[in-house]
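Source file: structure_1.pdb (PDB, C-alpha atoms)
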```pdb
ATOM      1  CA  MET A  30     107.610  89.818 118.740
ATOM      2  CA  SER A  31     109.813  89.618 115.692
ATOM      3  CA  ALA A  32     109.984  92.343 113.075
ATOM      4  CA  SER A  33     108.113  90.339 110.440
ATOM      5  CA  THR A  34     105.266  89.445 112.852
ATOM      6  CA  ARG A  35     104.996  93.079 113.817
ATOM      7  CA  ARG A  36     104.845  94.110 110.181
ATOM      8  CA  THR A  37     102.119  91.515 109.487
ATOM      9  CA  VAL A  38     100.037  92.758 112.446
ATOM     10  CA  PHE A  39     100.498  96.339 111.256
ATOM     11  CA  LEU A  40      99.564  95.543 107.651
ATOM     12  CA  ILE A  41      96.380  93.693 108.667
ATOM     13  CA  ALA A  42      95.325  96.399 111.134
ATOM     14  CA  GLY A  43      96.280  99.155 108.672
ATOM     15  CA  ALA A  44      94.257  97.563 105.876
ATOM     16  CA  GLY A  45      91.248  97.268 108.204
ATOM     17  CA  LEU A  46      91.582 100.913 109.276
ATOM     18  CA  LEU A  47      91.922 102.046 105.654
ATOM     19  CA  ALA A  48      88.823 100.071 104.615
ATOM     20  CA  LEU A  49      86.772 101.525 107.479
ATOM     21  CA  LEU A  50      88.016 105.052 106.710
ATOM     22  CA  LEU A  51      87.141 104.768 103.007
ATOM     23  CA  TYR A  52      83.747 103.300 103.913
ATOM     24  CA  SER A  53      82.971 106.163 106.290
ATOM     25  CA  TYR A  54      84.261 108.825 103.865
ATOM     26  CA  ALA A  55      81.865 107.469 101.227
ATOM     27  CA  GLY A  56      78.979 108.184 103.598
ATOM     28  CA  LEU A  57      80.019 111.772 104.367
ATOM     29  CA  PRO A  58      77.949 114.634 102.974
ATOM     30  CA  ASP A  59      79.630 116.495 100.098
ATOM     31  CA  PHE A  60      82.120 119.251 100.920
ATOM     32  CA  GLY A  61      80.251 122.316 102.089
ATOM     33  CA  HIS A  62      76.889 120.520 102.282
ATOM     34  CA  TYR A  63      75.821 120.589 105.904
ATOM     35  CA  ARG A  64      73.187 117.983 106.622
ATOM     36  CA  GLY A  65      72.140 118.162 110.284
ATOM     37  CA  PRO A  66      69.207 120.356 111.325
ATOM     38  CA  TYR A  67      70.682 121.800 114.542
ATOM     39  CA  GLY A  68      73.142 124.233 112.999
ATOM     40  CA  ASP A  69      70.514 125.710 110.690
ATOM     41  CA  ILE A  70      67.962 125.987 113.512
ATOM     42  CA  LEU A  71      70.483 127.695 115.830
ATOM     43  CA  ASN A  72      71.592 130.062 113.062
ATOM     44  CA  ARG A  73      67.955 131.130 112.703
ATOM     45  CA  VAL A  74      67.014 131.434 116.369
ATOM     46  CA  SER A  75      70.116 132.768 118.138
ATOM     47  CA  ILE A  76      69.382 136.431 117.325
ATOM     48  CA  PRO A  77      65.595 136.471 117.912
ATOM     49  CA  GLU A  78      65.847 134.240 120.995
ATOM     50  CA  ARG A  79      69.090 135.481 122.591
ATOM     51  CA  GLN A  80      70.202 138.683 120.766
ATOM     52  CA  ALA A  81      73.566 136.943 120.249
ATOM     53  CA  THR A  82      75.310 137.275 116.876
ATOM     54  CA  ALA A  83      78.015 134.695 117.722
ATOM     55  CA  VAL A  84      76.047 131.481 117.397
ATOM     56  CA  VAL A  85      78.945 129.318 118.589
ATOM     57  CA  SER A  86      79.079 131.287 121.856
ATOM     58  CA  ALA A  87      75.293 131.093 122.183
ATOM     59  CA  VAL A  88      75.678 127.308 122.029
ATOM     60  CA  ASN A  89      78.705 127.201 124.350
ATOM     61  CA  PHE A  90      77.416 129.547 127.033
ATOM     62  CA  ASP A  91      73.661 129.106 126.798
ATOM     63  CA  TYR A  92      72.048 126.272 124.824
ATOM     64  CA  ARG A  93      74.732 123.725 125.764
ATOM     65  CA  ALA A  94      76.327 125.582 128.674
ATOM     66  CA  ILE A  95      76.251 122.412 130.749
ATOM     67  CA  ASP A  96      78.859 120.947 128.359
ATOM     68  CA  THR A  97      81.032 124.007 128.912
ATOM     69  CA  LEU A  98      80.696 123.489 132.661
ATOM     70  CA  GLY A  99      81.908 119.913 132.182
ATOM     71  CA  GLU A 100      84.859 121.096 130.081
ATOM     72  CA  GLU A 101      85.634 123.746 132.668
ATOM     73  CA  PHE A 102      85.975 121.056 135.316
ATOM     74  CA  ILE A 103      88.066 118.884 132.974
ATOM     75  CA  LEU A 104      90.458 121.847 132.728
ATOM     76  CA  LEU A 105      90.352 122.261 136.509
ATOM     77  CA  ALA A 106      91.182 118.579 136.965
ATOM     78  CA  ALA A 107      94.046 118.863 134.451
ATOM     79  CA  VAL A 108      95.469 121.927 136.204
ATOM     80  CA  VAL A 109      95.198 120.243 139.611
ATOM     81  CA  GLY A 110      96.933 117.203 138.113
ATOM     82  CA  VAL A 111      99.782 119.333 136.725
ATOM     83  CA  ALA A 112     100.146 121.202 140.017
ATOM     84  CA  THR A 113     100.227 117.912 141.937
ATOM     85  CA  LEU A 114     102.748 116.259 139.627
ATOM     86  CA  LEU A 115     105.019 119.308 139.513
ATOM     87  CA  ARG A 116     105.056 120.035 143.250
ATOM     88  CA  ARG A 117     108.367 120.145 145.090
ATOM     89  CA  LEU A 118     109.077 116.621 146.263
ATOM     90  CA  GLY A 119     111.052 115.444 149.265
ATOM     91  CA  GLY A 120     114.707 115.364 148.216
ATOM     92  CA  GLU A 121     114.247 118.483 146.112
ATOM     93  CA  HIS A 122     114.870 122.094 146.989
ATOM     94  CA  GLU A 123     114.354 125.452 145.342
ATOM     95  CA  GLU A 124     117.295 127.372 143.987
ATOM     96  CA  GLU A 125     117.643 130.882 142.708
ATOM     97  CA  PRO A 126     116.044 130.977 139.273
ATOM     98  CA  ASP A 127     118.546 129.803 136.679
ATOM     99  CA  ASP A 128     118.525 133.081 134.818
ATOM    100  CA  GLU A 129     119.469 135.099 137.897
ATOM    101  CA  THR A 130     122.085 132.939 139.589
ATOM    102  CA  THR A 131     125.211 134.939 140.274
ATOM    103  CA  GLY A 132     128.550 133.591 139.142
ATOM    104  CA  ARG A 133     127.063 131.575 136.313
ATOM    105  CA  HIS A 134     126.806 133.071 132.883
ATOM    106  CA  VAL A 135     123.342 132.588 131.472
ATOM    107  CA  PRO A 136     122.593 134.964 128.606
ATOM    108  CA  SER A 137     119.609 137.113 129.531
ATOM    109  CA  ALA A 138     117.057 138.283 127.006
ATOM    110  CA  SER A 139     118.502 140.868 124.649
ATOM    111  CA  VAL A 140     117.346 144.467 124.897
ATOM    112  CA  ALA A 141     115.472 144.081 121.602
ATOM    113  CA  THR A 142     113.616 141.004 122.883
ATOM    114  CA  GLY A 143     112.842 142.781 126.129
ATOM    115  CA  VAL A 144     111.486 145.925 124.502
ATOM    116  CA  ALA A 145     109.521 144.064 121.820
ATOM    117  CA  GLY A 146     108.179 141.534 124.335
ATOM    118  CA  LEU A 147     107.095 144.056 126.950
ATOM    119  CA  GLY A 148     105.734 146.240 124.149
ATOM    120  CA  VAL A 149     103.242 143.581 123.065
ATOM    121  CA  VAL A 150     102.179 142.601 126.605
ATOM    122  CA  GLY A 151      99.677 145.483 126.773
ATOM    123  CA  PRO A 152      98.111 144.875 123.341
ATOM    124  CA  THR A 153      97.939 141.128 124.109
ATOM    125  CA  VAL A 154      96.047 141.776 127.356
ATOM    126  CA  LEU A 155      93.731 144.146 125.488
ATOM    127  CA  ILE A 156      93.037 141.612 122.708
ATOM    128  CA  GLY A 157      92.441 138.883 125.302
ATOM    129  CA  LEU A 158      89.970 141.046 127.232
ATOM    130  CA  TYR A 159      88.255 142.076 123.984
ATOM    131  CA  VAL A 160      87.829 138.466 122.888
ATOM    132  CA  VAL A 161      86.459 137.476 126.327
ATOM    133  CA  VAL A 162      83.899 140.271 126.737
ATOM    134  CA  HIS A 163      82.698 140.198 123.113
ATOM    135  CA  GLY A 164      82.079 136.450 123.201
ATOM    136  CA  HIS A 165      78.382 136.887 122.374
ATOM    137  CA  GLN A 166      79.053 139.137 119.374
ATOM    138  CA  THR A 167      82.220 138.138 117.562
ATOM    139  CA  PRO A 168      84.146 134.871 117.163
ATOM    140  CA  GLY A 169      85.938 133.820 120.288
ATOM    141  CA  GLY A 170      84.865 133.820 123.885
ATOM    142  CA  GLY A 171      86.097 132.895 127.315
ATOM    143  CA  PHE A 172      88.341 130.028 126.301
ATOM    144  CA  GLN A 173      90.131 131.747 123.416
ATOM    145  CA  GLY A 174      90.484 135.053 125.251
ATOM    146  CA  GLY A 175      91.629 133.268 128.396
ATOM    147  CA  VAL A 176      94.455 131.515 126.574
ATOM    148  CA  ILE A 177      95.487 134.829 124.964
ATOM    149  CA  LEU A 178      95.556 136.465 128.422
ATOM    150  CA  ALA A 179      97.737 133.640 129.761
ATOM    151  CA  THR A 180     100.207 134.084 126.881
ATOM    152  CA  ALA A 181     100.603 137.725 127.975
ATOM    153  CA  LEU A 182     102.064 136.401 131.219
ATOM    154  CA  LEU A 183     104.400 134.163 129.240
ATOM    155  CA  LEU A 184     105.551 137.201 127.228
ATOM    156  CA  VAL A 185     106.558 138.858 130.502
ATOM    157  CA  TYR A 186     108.836 135.907 131.227
ATOM    158  CA  LEU A 187     110.267 135.812 127.690
ATOM    159  CA  ALA A 188     111.027 139.525 127.766
ATOM    160  CA  ASP A 189     112.292 139.733 131.323
ATOM    161  CA  HIS A 190     112.931 137.354 134.226
ATOM    162  CA  TYR A 191     111.177 134.534 135.997
ATOM    163  CA  SER A 192     110.997 136.622 139.176
ATOM    164  CA  THR A 193     109.128 139.321 137.222
ATOM    165  CA  LEU A 194     106.616 136.731 136.082
ATOM    166  CA  ARG A 195     106.056 135.637 139.669
ATOM    167  CA  ARG A 196     105.541 139.272 140.713
ATOM    168  CA  VAL A 197     103.103 140.044 137.878
ATOM    169  CA  GLY A 198     101.193 136.785 138.113
ATOM    170  CA  PRO A 199     101.774 135.180 141.508
ATOM    171  CA  MET A 200     100.533 131.655 142.077
ATOM    172  CA  TRP A 201      97.776 132.711 144.474
ATOM    173  CA  LEU A 202      96.349 135.086 141.852
ATOM    174  CA  ASN A 203      96.266 132.323 139.210
ATOM    175  CA  GLU A 204      94.637 129.929 141.658
ATOM    176  CA  LEU A 205      92.120 132.595 142.670
ATOM    177  CA  ALA A 206      91.208 133.309 139.026
ATOM    178  CA  GLU A 207      90.798 129.617 138.235
ATOM    179  CA  GLY A 208      88.640 129.048 141.328
ATOM    180  CA  LEU A 209      86.514 132.191 140.940
ATOM    181  CA  GLY A 210      85.922 131.454 137.246
ATOM    182  CA  GLY A 211      84.780 127.894 137.899
ATOM    183  CA  ALA A 212      82.609 128.944 140.818
ATOM    184  CA  GLY A 213      81.176 131.855 138.818
ATOM    185  CA  LEU A 214      80.148 129.612 135.930
ATOM    186  CA  THR A 215      78.521 127.166 138.356
ATOM    187  CA  LEU A 216      76.664 130.034 140.062
ATOM    188  CA  ILE A 217      75.400 131.338 136.700
ATOM    189  CA  GLY A 218      74.022 127.851 136.063
ATOM    190  CA  ILE A 219      72.414 127.647 139.496
ATOM    191  CA  SER A 220      70.921 131.141 139.135
ATOM    192  CA  GLY A 221      69.085 129.836 136.078
ATOM    193  CA  LEU A 222      67.692 127.095 138.287
ATOM    194  CA  VAL A 223      66.712 129.539 141.044
ATOM    195  CA  PHE A 224      65.264 132.440 139.028
ATOM    196  CA  GLY A 225      64.129 130.470 135.993
ATOM    197  CA  GLY A 226      63.127 126.888 135.566
ATOM    198  CA  ALA A 227      66.261 125.106 134.384
ATOM    199  CA  PHE A 228      70.000 124.873 134.967
ATOM    200  CA  PHE A 229      71.719 127.581 132.869
ATOM    201  CA  GLU A 230      68.412 129.153 131.838
ATOM    202  CA  ASN A 231      69.158 132.635 130.510
ATOM    203  CA  VAL A 232      67.448 134.678 133.222
ATOM    204  CA  LEU A 233      69.011 138.115 132.630
ATOM    205  CA  PRO A 234      67.464 140.794 130.357
ATOM    206  CA  LEU A 235      68.551 140.118 126.766
ATOM    207  CA  GLY A 236      68.943 143.740 125.689
ATOM    208  CA  SER A 237      69.312 144.429 121.980
ATOM    209  CA  MET A 238      71.634 142.785 119.503
ATOM    210  CA  GLY A 239      75.006 144.480 119.031
ATOM    211  CA  LYS A 240      75.173 146.083 122.474
ATOM    212  CA  LEU A 241      78.034 145.020 124.758
ATOM    213  CA  LEU A 242      75.539 144.376 127.559
ATOM    214  CA  SER A 243      73.124 142.075 125.782
ATOM    215  CA  ALA A 244      72.371 138.380 125.328
ATOM    216  CA  GLY A 245      71.698 137.937 129.050
ATOM    217  CA  THR A 246      73.985 135.511 130.831
ATOM    218  CA  ILE A 247      76.100 134.677 127.734
ATOM    219  CA  PRO A 248      78.742 137.438 128.213
ATOM    220  CA  LEU A 249      78.790 136.745 131.967
ATOM    221  CA  ALA A 250      79.456 133.051 131.388
ATOM    222  CA  SER A 251      82.094 134.015 128.806
ATOM    223  CA  CYS A 252      83.835 136.205 131.396
ATOM    224  CA  ALA A 253      83.690 133.433 134.008
ATOM    225  CA  VAL A 254      85.238 130.962 131.575
ATOM    226  CA  GLY A 255      87.825 133.569 130.566
ATOM    227  CA  LEU A 256      88.807 134.055 134.199
ATOM    228  CA  ALA A 257      89.061 130.315 134.808
ATOM    229  CA  VAL A 258      90.971 129.552 131.605
ATOM    230  CA  SER A 259      93.458 132.420 131.965
ATOM    231  CA  GLY A 260      94.082 131.429 135.588
ATOM    232  CA  GLY A 261      94.348 127.737 134.733
ATOM    233  CA  PHE A 262      96.760 128.202 131.830
ATOM    234  CA  ALA A 263      98.822 130.768 133.725
ATOM    235  CA  LEU A 264      99.024 128.345 136.642
ATOM    236  CA  MET A 265     100.159 125.494 134.374
ATOM    237  CA  VAL A 266     102.817 127.659 132.695
ATOM    238  CA  SER A 267     104.033 128.934 136.085
ATOM    239  CA  GLU A 268     104.217 125.405 137.504
ATOM    240  CA  PHE A 269     106.196 124.190 134.488
ATOM    241  CA  LEU A 270     108.555 127.185 134.678
ATOM    242  CA  GLN A 271     109.022 126.730 138.413
ATOM    243  CA  GLN A 272     109.843 123.068 137.914
ATOM    244  CA  THR A 273     112.270 123.912 135.094
ATOM    245  CA  LEU A 274     114.049 126.906 136.576
ATOM    246  CA  VAL A 275     113.831 126.701 140.354
ATOM    247  CA  VAL A 276     113.278 123.165 141.638
ATOM    248  CA  ARG A 277     116.469 121.090 141.772
ATOM    249  CA  SER A 278     117.149 117.618 143.048
ATOM    250  CA  ASP A 279     119.297 117.589 146.225
ATOM    251  CA  LYS A 280     121.518 114.931 144.693
ATOM    252  CA  GLY A 281     122.042 116.877 141.476
ATOM    253  CA  SER A 282     123.214 120.047 143.192
ATOM    254  CA  GLN A 283     125.789 118.225 145.354
ATOM    255  CA  GLN A 284     127.502 117.014 142.235
ATOM    256  CA  LYS A 285     127.831 120.509 140.850
TER     257      LYS A 285
ATOM    258  CA  MET B  19      86.261 124.074  97.465
ATOM    259  CA  SER B  20      87.984 127.386  96.792
ATOM    260  CA  VAL B  21      91.650 127.809  95.838
ATOM    261  CA  LEU B  22      92.366 129.258  99.289
ATOM    262  CA  GLN B  23      90.881 126.222 101.013
ATOM    263  CA  SER B  24      92.833 123.816  98.791
ATOM    264  CA  VAL B  25      96.080 125.662  99.483
ATOM    265  CA  ALA B  26      95.393 125.603 103.242
ATOM    266  CA  LEU B  27      94.587 121.864 103.125
ATOM    267  CA  LEU B  28      97.817 121.126 101.222
ATOM    268  CA  LEU B  29      99.792 123.270 103.685
ATOM    269  CA  VAL B  30      98.321 121.329 106.620
ATOM    270  CA  ALA B  31      99.173 118.000 104.970
ATOM    271  CA  GLY B  32     102.718 119.173 104.223
ATOM    272  CA  VAL B  33     103.472 120.623 107.660
ATOM    273  CA  ALA B  34     101.840 117.638 109.415
ATOM    274  CA  THR B  35     104.163 115.325 107.507
ATOM    275  CA  SER B  36     107.160 117.426 108.527
ATOM    276  CA  VAL B  37     106.086 117.191 112.186
ATOM    277  CA  VAL B  38     106.168 113.395 111.919
ATOM    278  CA  LEU B  39     109.460 113.364 109.993
ATOM    279  CA  THR B  40     111.254 115.704 112.439
ATOM    280  CA  ARG B  41     113.135 113.467 114.848
ATOM    281  CA  ASP B  42     114.731 115.942 117.265
ATOM    282  CA  PRO B  43     112.110 116.850 119.929
ATOM    283  CA  LEU B  44     113.365 120.440 120.217
ATOM    284  CA  ARG B  45     112.956 121.076 116.501
ATOM    285  CA  GLN B  46     109.716 119.114 116.554
ATOM    286  CA  ALA B  47     108.256 121.524 119.121
ATOM    287  CA  MET B  48     108.934 124.407 116.721
ATOM    288  CA  VAL B  49     107.519 122.557 113.703
ATOM    289  CA  ALA B  50     104.456 121.560 115.770
ATOM    290  CA  SER B  51     103.970 125.251 116.577
ATOM    291  CA  ILE B  52     103.950 126.097 112.857
ATOM    292  CA  TYR B  53     101.539 123.197 112.336
ATOM    293  CA  GLY B  54      99.190 124.665 114.969
ATOM    294  CA  LEU B  55      99.254 127.987 113.133
ATOM    295  CA  VAL B  56      98.633 126.413 109.702
ATOM    296  CA  LEU B  57      95.768 124.309 111.083
ATOM    297  CA  GLY B  58      94.296 127.521 112.539
ATOM    298  CA  ILE B  59      94.498 129.113 109.072
ATOM    299  CA  LEU B  60      92.675 126.089 107.591
ATOM    300  CA  PHE B  61      89.871 126.380 110.155
ATOM    301  CA  PHE B  62      89.679 130.101 109.402
ATOM    302  CA  VAL B  63      89.315 129.667 105.637
ATOM    303  CA  LEU B  64      86.709 126.955 106.322
ATOM    304  CA  GLN B  65      84.730 129.706 108.121
ATOM    305  CA  ALA B  66      85.215 128.360 111.649
ATOM    306  CA  PRO B  67      86.826 131.404 113.323
ATOM    307  CA  ASP B  68      86.046 130.246 116.881
ATOM    308  CA  VAL B  69      87.891 126.964 116.443
ATOM    309  CA  ALA B  70      90.643 128.787 114.527
ATOM    310  CA  LEU B  71      91.251 131.074 117.513
ATOM    311  CA  SER B  72      91.379 128.158 119.963
ATOM    312  CA  GLN B  73      93.601 126.146 117.656
ATOM    313  CA  THR B  74      96.051 128.990 117.113
ATOM    314  CA  ALA B  75      96.335 129.822 120.814
ATOM    315  CA  VAL B  76      96.613 126.224 122.018
ATOM    316  CA  GLY B  77      98.374 124.574 119.064
ATOM    317  CA  ALA B  78     100.841 127.323 118.213
ATOM    318  CA  VAL B  79     101.659 128.580 121.713
ATOM    319  CA  ALA B  80     100.518 126.431 124.629
ATOM    320  CA  LEU B  81     101.399 122.950 123.354
ATOM    321  CA  PRO B  82     104.922 123.766 122.027
ATOM    322  CA  LEU B  83     105.543 125.684 125.244
ATOM    323  CA  MET B  84     104.734 122.639 127.394
ATOM    324  CA  ILE B  85     107.047 120.490 125.238
ATOM    325  CA  LEU B  86     109.842 123.097 125.425
ATOM    326  CA  LEU B  87     109.588 123.418 129.198
ATOM    327  CA  ALA B  88     109.547 119.650 129.672
ATOM    328  CA  LEU B  89     112.649 119.354 127.450
ATOM    329  CA  ALA B  90     114.378 122.130 129.399
ATOM    330  CA  LYS B  91     113.653 120.305 132.668
ATOM    331  CA  ILE B  92     115.026 117.028 131.297
ATOM    332  CA  ARG B  93     118.211 118.745 130.116
ATOM    333  CA  SER B  94     118.741 120.589 133.395
ATOM    334  CA  ASP B  95     118.539 117.256 135.240
ATOM    335  CA  GLU B  96     121.141 115.614 133.034
TER     336      GLU B  96
END
```

Written as structure tokens, that's how I'd like the structure from this file.
Amino acid sequence: MSASTRRTVFLIAGAGLLALLLYSYAGLPDFGHYRGPYGDILNRVSIPERQATAVVSAVNFDYRAIDTLGEEFILLAAVVGVATLLRRLGGEHEEEPDDETTGRHVPSASVATGVAGLGVVGPTVLIGLYVVVHGHQTPGGGFQGGVILATALLLVYLADHYSTLRRVGPMWLNELAEGLGGAGLTLIGISGLVFGGAFFENVLPLGSMGKLLSAGTIPLASCAVGLAVSGGFALMVSEFLQQTLVVRSDKGSQQK
Amino acid sequence: MSVLQSVALLLVAGVATSVVLTRDPLRQAMVASIYGLVLGILFFVLQAPDVALSQTAVGAVALPLMILLALAKIRSDE
């Protein structure tokens, strides 16, 4: 396709896209004017019905928890895909991690980076746990807290060595967290079916608003998702790091 | 729309443009990280703190990290 044909195709398609965009923007409600009924209804009922002040979490882990279960398994599939793609292939071998190989000068993290990095690992874990367990009360929940927890593991690598990361968060632990989280969320859904009448029915006592143990199954589901997400993200980061630092092609190393 | 929201919107538009205009993938990963942060700020001032948290964690940390690690792997193979 020549350059001028390509430009013509682009201009026609671009003009069509622009027209459709402008047409759909004209039909949008004004800025700050929410139209649909569901948000208003949920804002009204989430405290009397579920004792949950975080309406988004009430939707994610209760009213539409089945969607969260679907997303959880999308993440699982993505992690399995990454782990499969980044496995050690035939014709590849594992070397000493790049940053620890003797006889080759690779600058290690400076003392300042190490101290600052390891210094924030604790607070990061604390914030992650806080966000996970307070999912039903404050913004955030299992997903957000889980990603924060996984970044704590990354901080360990940035501040120290790859081998330290593998000691602190070994692969089996990440896999276990991912599996237990996914299974836990599924079991919470099934328990609604067994003890109540519907999948993900909130069958636990609701307690009173503002208490850590309240809102029934919502904080439990948040913790399950937090476990799965932290394990899944940690596993992905570890697989990428392993592939980058340790796995080498047999051919490549012979040339060195 | 408040002043804060307008400023955040303009910031997002500006940083998004710089992501597209950055040609070197390594630099682009860094600019994309800033973009993730700015987009998180926009969601926050639009009163969507849940999405802001997800966006900041994924857009500012996880995504640039994946790009960086992939780039590192490509360079180590060369």

Would you tabulate, counting all atoms listed in the file, all residues of chain A that have an atom at most 9 Å from an atom of chain B, showing the closest pair of atoms and their distance in Å to one decimal, sorted by chain then ascending number, as a Markdown table?
```
| residue | atom | partner | partner_atom | distance |
| --- | --- | --- | --- | --- |
| A:Phe60 | CA | B:Met19 | CA | 7.2 |
| A:Gly61 | CA | B:Met19 | CA | 7.8 |
| A:Val85 | CA | B:Asp68 | CA | 7.4 |
| A:Ser86 | CA | B:Asp68 | CA | 8.6 |
| A:Thr167 | CA | B:Asp68 | CA | 8.8 |
| A:Pro168 | CA | B:Asp68 | CA | 5.0 |
| A:Gly169 | CA | B:Asp68 | CA | 4.9 |
| A:Gly170 | CA | B:Asp68 | CA | 8.0 |
| A:Phe172 | CA | B:Ser72 | CA | 7.3 |
| A:Gln173 | CA | B:Ser72 | CA | 5.1 |
| A:Gly174 | CA | B:Leu71 | CA | 8.7 |
| A:Val176 | CA | B:Ala75 | CA | 6.3 |
| A:Ile177 | CA | B:Ala75 | CA | 6.6 |
| A:Thr180 | CA | B:Val79 | CA | 7.7 |
| A:Phe262 | CA | B:Ala80 | CA | 8.3 |
| A:Met265 | CA | B:Met84 | CA | 8.8 |
| A:Val266 | CA | B:Met84 | CA | 7.5 |
| A:Phe269 | CA | B:Leu87 | CA | 6.3 |
| A:Leu270 | CA | B:Leu87 | CA | 6.7 |
| A:Gln272 | CA | B:Lys91 | CA | 7.0 |
| A:Thr273 | CA | B:Lys91 | CA | 4.6 |
| A:Leu274 | CA | B:Lys91 | CA | 7.7 |
| A:Arg277 | CA | B:Asp95 | CA | 7.9 |
| A:Ser278 | CA | B:Asp95 | CA | 7.9 |
| A:Gly281 | CA | B:Asp95 | CA | 7.2 |
```

Write out as a ChimeraX atom specification the residues lying within 9 Å of A:Ser75, counting all atoms listed in the file and excluding same-chain residues fewer than 5 positions away. /A:70,80-84,87-88

Test item: the PyMOL selection byres ((chain A and resi 195) around 12) resolved as a ChimeraX atom specification: /A:126,182-183,185-186,189-194,196-203,263-264,266-268,270-271,275

Between atom CA of A:Glu78 and atom CA of A:Leu235, what is the distance, to one decimal in Å?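 It comes out at 8.7 Å.
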
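Reported to one decimal place, the separation of atom CA of A:Val162 from atom CA of A:Pro248 is 6.1 Å.
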
So that I can check the surroundings of A:Leu98, please list as number ranges by chain every protein, DNA and RNA residue that reaches within 9 Å of it, counting all atoms listed in the file and ignoring chain neighbours fewer than 4 positions away. A: 90, 94, 102-103, 211, 214-215, 218, 254

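With distances restricted to only C-alpha atoms, A:Pro234 is the closest residue to A:Ile247 from A:Gly65, A:Pro152, A:Pro234, A:Gly225.
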
Enclose all atoms of stretch 23-35 of chain B listed in the file in an axis-aligned box, grow every side by 4 Å, and hand back centre and edge lengths in Å to one decimal, as AutoDock Vina command-line options.
```
--center_x 97.5 --center_y 120.8 --center_z 104.1 --size_x 21.3 --size_y 18.9 --size_z 18.6
```

Translate the PyMOL selection byres ((chain B and resi 27) around 12), as applied to the file shown, into an explicit residue set as a ChimeraX atom specification. /B:19-26,28-34,53,56-64

Considering all atoms listed in the file, state which residue in the set A:Thr34, A:Thr246, A:Thr97, A:Ser53 is at the smallest distance from A:Val258.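 Closest to A:Val258 of all the choices is A:Thr97.
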
If we count only C-alpha atoms and set the cut-off at 12 Å, which residues sit around B:Val37, ignoring sequence neighbours fewer than 5 positions away in its own chain? Please answer as JSON, numbers by chain. {"B": [30, 31, 32, 42, 43, 44, 45, 46, 47, 48, 49, 50, 51, 52, 53, 54, 82]}

I'd like to know which of A:Gly210, A:Ala55, A:Gly236, A:Leu249 is closest to A:Glu101, using only C-alpha atoms. A:Gly210

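Residue nearest A:Ser237 within the list A:Ile76, A:Leu216, A:Val144, A:Leu40: A:Ile76 [criterion: smallest interatomic distance, all atoms listed in the file].
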